[in-house]
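These notes concern the structure reproduced below.
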Amino acid sequence: MGIHEHYEHFPIECRFHQRVYTGYRWQRGWVRRGEWPHFWGNPPQGVKPEEAEDVLVAEEQGEYTFYNAFETADLISSVSRMVEDVRSGKNKKAAVKKWVSEYGFLGANLGSDFVHPKWEALADFWREAETLADLWGKYKQVTQRDMSGLRGWIRFVELPNDGDPLIPSPEGSRTKSDFSKEPGVMSFGTADLFFSATLEEIGQNPLRFYQLAGLRYILVRINGRIKSLELNYTGVEKIENPQDDIFKIRPVLYPRTLLEAMYLQFYILLSGHNVKICKHCGKPFPLKEKYSKNRVYCSDRCNNAAKMRNYRERKRQQVFLPR
Ligand SMILES: [Zn+2]
């Protein structure tokens, strides 16, 4: 297996060798977070017994396999599906253990000592999984032209035309995207995108504006998560000439954790082109020319599965329709 085709266009090779242990089990324990994270099976001094939490632990710490995270494109979509399943009633601990048994720890509790994590607190895993799934769902809305979804979290607001110096808007901009929850309250953040179009003009042809604003938001969130990537190299090549010597290194980007690798994959998908997120399974799929006619599903299988689901949904609604 080599690098997955979705990442091949990226100019720098990316590698993350993820460790998957042969077994995992849940344990109650006490967690110290931060630079030197630690996990205790018995309460350490100065810690209250009731502060124990659920922690997933690698069973045989010497037994594991490796895989390169950049050889698969399923990581983000499978985490998103797991979050969805749990939200619709599946057992959280069982679902998390199943995912980790297949893909390994996210690395949410990794400290600055760069070792492979041997445990992960449920609370941290879940927070990270939900954050990533939420962002992936937003990206899905952008690629699927899901206007009602996009309207749920993106708004456009008019900028005051008195050139208020407290509002850092570029010259000539009349509106900006806004992500604050309360209508009427203007917030400012790094994800804001400014437009010279008026609110009325945006309203006339909204899709493009919502997509651009949404992508901007997603990119800012991703960038915040790939800051500690290590740019390194594998080997030095020497090209010998009679007079001059030419040296060349082969650059490689190394994420520190699986989570960081997943955000980097997200970034790489955005830096390519023609990728859409399947409306049914949530996997990214390339928009080859013969498929370019408004495809919403990655495969016939997902198309049929979605049809079946819609059919059952309609049936159910008919049953509960009041007379
Ligand atoms: Zn699909």
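In the structure tokens, chains take the letters A, B, ... in the order shown, each chain's residues start at 1, and ligands count up from 1 in the order shown.
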**Distance query Trp36 (chain A) at most 10 Å, only C-alpha atoms, self and fewer than 2 positions along chain excluded, as a PyMOL selection string** = chain A and resi 32-34+38+109-113
**Request:** Around ligand 1, at most 7 Å away and counting only C-alpha atoms and all ligand atoms, which residues are there? Put them as a count of residues only, please.
**Result:** 10
**Prompt:** So, counting only C-alpha atoms, which residue among A:Met147, A:Ala58, A:Leu212, A:Ala261 is closest to Leu229 (chain A)?
**Reply:**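 Of the candidates, the smallest distance to Leu229 (chain A) is held by A:Ala261.
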**Request:** Within 12 Å of Glu182 (chain A), counting only C-alpha atoms, which residues show up once you throw out same-chain ones fewer than 3 positions away? Write them as a ChimeraX atom specification, please.
**Result:** /A:152-155,157,178-179,185-187
Using only C-alpha atoms, please write the residues we just selected to a file, as a PDB file, in the first residue's frame.
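Below is the file that was written, result-v4.pdb:
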ATOM      1  CA  GLY A 152     -27.730  27.099  10.607  1.00  0.00           C
ATOM      2  CA  TRP A 153     -24.273  28.388  11.576  1.00  0.00           C
ATOM      3  CA  ILE A 154     -23.252  31.058   9.074  1.00  0.00           C
ATOM      4  CA  ARG A 155     -24.748  34.522   8.899  1.00  0.00           C
ATOM      5  CA  VAL A 157     -23.848  41.039   8.713  1.00  0.00           C
ATOM      6  CA  ASP A 178     -20.481  35.952  11.255  1.00  0.00           C
ATOM      7  CA  PHE A 179     -20.594  32.839  13.417  1.00  0.00           C
ATOM      8  CA  VAL A 185     -24.798  40.500  17.921  1.00  0.00           C
ATOM      9  CA  MET A 186     -21.704  41.024  15.819  1.00  0.00           C
ATOM     10  CA  SER A 187     -18.655  38.992  16.746  1.00  0.00           C
TER      11      SER A 187
END
Each residue of region 238-264 of chain A with at least one atom at most 12 Å from region 126-142 of chain A should appear once, together with its nearest atom pair and the corresponding distance in Å (one decimal); atoms considered: only C-alpha atoms; ordering: chain, then increasing residue number; output as a Markdown table.
| residue | atom | partner | partner_atom | distance |
| --- | --- | --- | --- | --- |
| A:Leu258 | CA | A:Glu128 | CA | 11.3 |
| A:Leu259 | CA | A:Glu128 | CA | 8.1 |
| A:Glu260 | CA | A:Leu132 | CA | 10.7 |
| A:Ala261 | CA | A:Leu132 | CA | 12.0 |
| A:Met262 | CA | A:Leu132 | CA | 8.8 |
| A:Tyr263 | CA | A:Leu132 | CA | 8.1 |
| A:Leu264 | CA | A:Leu132 | CA | 11.8 |
**Request:** From a DSSP calculation on the backbone, collect every residue of region 80-128 of chain A in alpha helix (DSSP H) and output the set as a list in words.
**Result:**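 DSSP on the backbone gives alpha helix (DSSP H) at Ser80, Arg81, Met82, Val83, Glu84, Asp85, Val86, Arg87, Lys92, Lys93, Ala94, Ala95, Val96, Lys97, Lys98, Trp99, Val100, Ser101, Glu102, Tyr103, Leu122, Ala123, Asp124, Phe125, Trp126, Arg127 and Glu128 of chain A.
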Can you spit out the residues from that selection as an mmCIF file, in the first residue's frame, using C-alpha atoms?
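Dumped everything to again-v6.cif:
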data_model
loop_
_atom_site.group_PDB
_atom_site.id
_atom_site.type_symbol
_atom_site.label_atom_id
_atom_site.label_comp_id
_atom_site.auth_asym_id
_atom_site.auth_seq_id
_atom_site.Cartn_x
_atom_site.Cartn_y
_atom_site.Cartn_z
ATOM 1 C CA SER A 80 -17.867 11.021 12.273
ATOM 2 C CA ARG A 81 -20.048 7.939 11.807
ATOM 3 C CA MET A 82 -19.115 6.736 15.283
ATOM 4 C CA VAL A 83 -20.149 10.075 16.811
ATOM 5 C CA GLU A 84 -23.443 9.952 14.887
ATOM 6 C CA ASP A 85 -24.116 6.374 16.006
ATOM 7 C CA VAL A 86 -23.540 7.252 19.649
ATOM 8 C CA ARG A 87 -25.723 10.339 19.399
ATOM 9 C CA LYS A 92 -20.483 5.243 23.798
ATOM 10 C CA LYS A 93 -17.819 3.146 25.526
ATOM 11 C CA ALA A 94 -18.420 0.182 23.234
ATOM 12 C CA ALA A 95 -18.280 2.367 20.109
ATOM 13 C CA VAL A 96 -15.102 4.165 21.214
ATOM 14 C CA LYS A 97 -13.358 0.897 22.100
ATOM 15 C CA LYS A 98 -14.306 -0.574 18.725
ATOM 16 C CA TRP A 99 -12.938 2.450 16.866
ATOM 17 C CA VAL A 100 -9.690 2.532 18.865
ATOM 18 C CA SER A 101 -9.241 -1.226 18.395
ATOM 19 C CA GLU A 102 -9.237 -0.612 14.663
ATOM 20 C CA TYR A 103 -7.377 2.713 14.378
ATOM 21 C CA LEU A 122 -12.838 8.917 27.434
ATOM 22 C CA ALA A 123 -13.704 12.562 28.050
ATOM 23 C CA ASP A 124 -10.754 13.786 25.974
ATOM 24 C CA PHE A 125 -11.238 11.262 23.183
ATOM 25 C CA TRP A 126 -14.913 12.136 22.941
ATOM 26 C CA ARG A 127 -14.387 15.896 22.936
ATOM 27 C CA GLU A 128 -11.871 15.600 20.092
#
**Request:** Just the strand (DSSP E or B) stuff from region 160-234 of chain A, please, per backbone DSSP, written as a PyMOL selection string.
**Result:** chain A and resi 175-178+194-195+230-234
**Item:** All residues 10 Å or closer to Thr190 (chain A), only C-alpha atoms, same chain fewer than 4 positions away omitted, as an MDAnalysis selection string
**Value:** chainID A and resid 216:217 220:221
For the residues in the current selection, export C-alpha atoms as a compact mmCIF listing (two decimals), in the first residue's frame.
# COMPACT_ATOMS: atom_id res chain seq x y z
CA ARG A 216 -12.80 29.89 5.76
CA TYR A 217 -14.19 28.87 9.15
CA VAL A 220 -9.06 28.40 10.52
CA ARG A 221 -10.11 25.57 12.82
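Nearest to Arg208 (chain A) of all the residues A:Val252, A:Leu150, A:Met308, A:Cys14 is A:Leu150, based on only C-alpha atoms.
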